[in-house]
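Engineer: To start, I am sharing the structure in question, which I have written as structure tokens.
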Amino acid sequence: MPLTFSNFNKTLKNDFFYENNPKVVVSVSGGPDSLALTILLHQWVKKKKGKLMALIVDHRIRAESFSESVQAKKFLINKNIKSKILFVSKEKVKGGKLNQARFNRFEKLLNYCKKNKIFHLFLGHHFDDNLETFILRKIAGSNFEGLNSIRFTTIFENVQVVRPLLFYTKKEILSFNKKIDLQFINDPSNQNIKYSRVAIRKYLNSNSNVRKEINKEFRLIKNNYLLYKKMIYQT
């Protein structure tokens, strides 16, 4: 299914529950996924007469993080999208690890939503992210629950985290960006194979047959997850 404004709206209509005039937050890194999500949400929120706040978190893991945050904010200003940069304190940056950066970012986003009484937090994870998560958890020996990987919606500390791009591949997102001439920032850490996720991504992209088999296994678990939950609760 190609990523279009129409298909995105259908995704939210079918799977997302929200109040009248919804107030939502979207996390923006400046990369292709989060910017595509922000543009799509901006149109959707206007139709619903709601409010959108785009949050950019300066993670301070790389020296370029501040300039990238400013660049992302300038893009959002040009699109008339309200935005704010959140800064991670230096003492929370430990050794430049990506896991720490992800934790710090999510904590900042969550605290902003709770403080401002915003229930909906949108993140830009897509299908390829979910496939990589599935492989990482399989390697780690996760059970069926863990192998279900990233979910479309979850409730975390009274905030609903929504990931509508999970229905779309990276290729489909990049195709959407190209059609609307959407410029974005390339994060160099996404090319560093010292990170397990990046190594898995490169392996999947270079082995189409392996990708098909893993995709098949992943979808089998996803499609049978509710049956699994029903079986667990009935025993």
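Chain labels run A, B, ... following the order of the structure tokens; each chain numbers its residues from 1, and ligands are numbered from 1 in the order shown.
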Could you give me the residues within region 101-157 of chain A that DSSP places in helix (DSSP H, G or I), as a PyMOL selection string?
Structural biologist: chain A and resi 101-115+127-139+144-147
Engineer: Skipping near chain neighbours, those fewer than 5 positions away, what residues fall within 10 Å of region 168-179 of chain A using only C-alpha atoms, listed as a count of residues only?
Structural biologist: 21
Engineer: Skipping near chain neighbours, those fewer than 6 positions away, what residues fall within 12 Å of Leu220 (chain A) using only C-alpha atoms, listed as a PyMOL selection string?
Structural biologist: chain A and resi 134+144+147-148+213-214+226-228
Engineer: Deliver the residues from the most recent selection as a file, using C-alpha atoms, as a PDB file, in the first residue's frame.
Structural biologist:
```pdb
ATOM      1  CA  PHE A 134      11.759  -8.668  15.384  1.00  0.00           C
ATOM      2  CA  PHE A 144       5.858 -14.779  21.465  1.00  0.00           C
ATOM      3  CA  LEU A 147       8.326 -11.144  18.988  1.00  0.00           C
ATOM      4  CA  ASN A 148       5.115  -9.210  18.351  1.00  0.00           C
ATOM      5  CA  GLU A 213      11.504 -15.432   4.629  1.00  0.00           C
ATOM      6  CA  ILE A 214      11.907 -13.265   7.740  1.00  0.00           C
ATOM      7  CA  LEU A 226      -4.602 -12.006  19.093  1.00  0.00           C
ATOM      8  CA  LEU A 227      -5.241 -15.751  18.885  1.00  0.00           C
ATOM      9  CA  TYR A 228      -2.222 -16.285  21.140  1.00  0.00           C
TER      10      TYR A 228
END
```
Engineer: What is the CA of Lys115 (chain A)-CA of His59 (chain A) distance in Å, reported with one decimal?
Structural biologist: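 CA of His59 (chain A) lies 20.0 Å from CA of Lys115 (chain A).
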Engineer: Tell me which protein, DNA and RNA residues are within 12 Å of Glu107 (chain A), counting only C-alpha atoms, leaving out same-chain ones fewer than 3 positions away, and put them as a PyMOL selection string.
Structural biologist: chain A and resi 27+57+59+86-89+92+100-104+110-114+121+156-157+159
Engineer: Run DSSP on the backbone and grab whatever in region 53-184 of chain A lands in strand (DSSP E or B); send it over as an MDAnalysis selection string.
Structural biologist: chainID A and resid 53:58 83:87 120:122 153:156 159:162
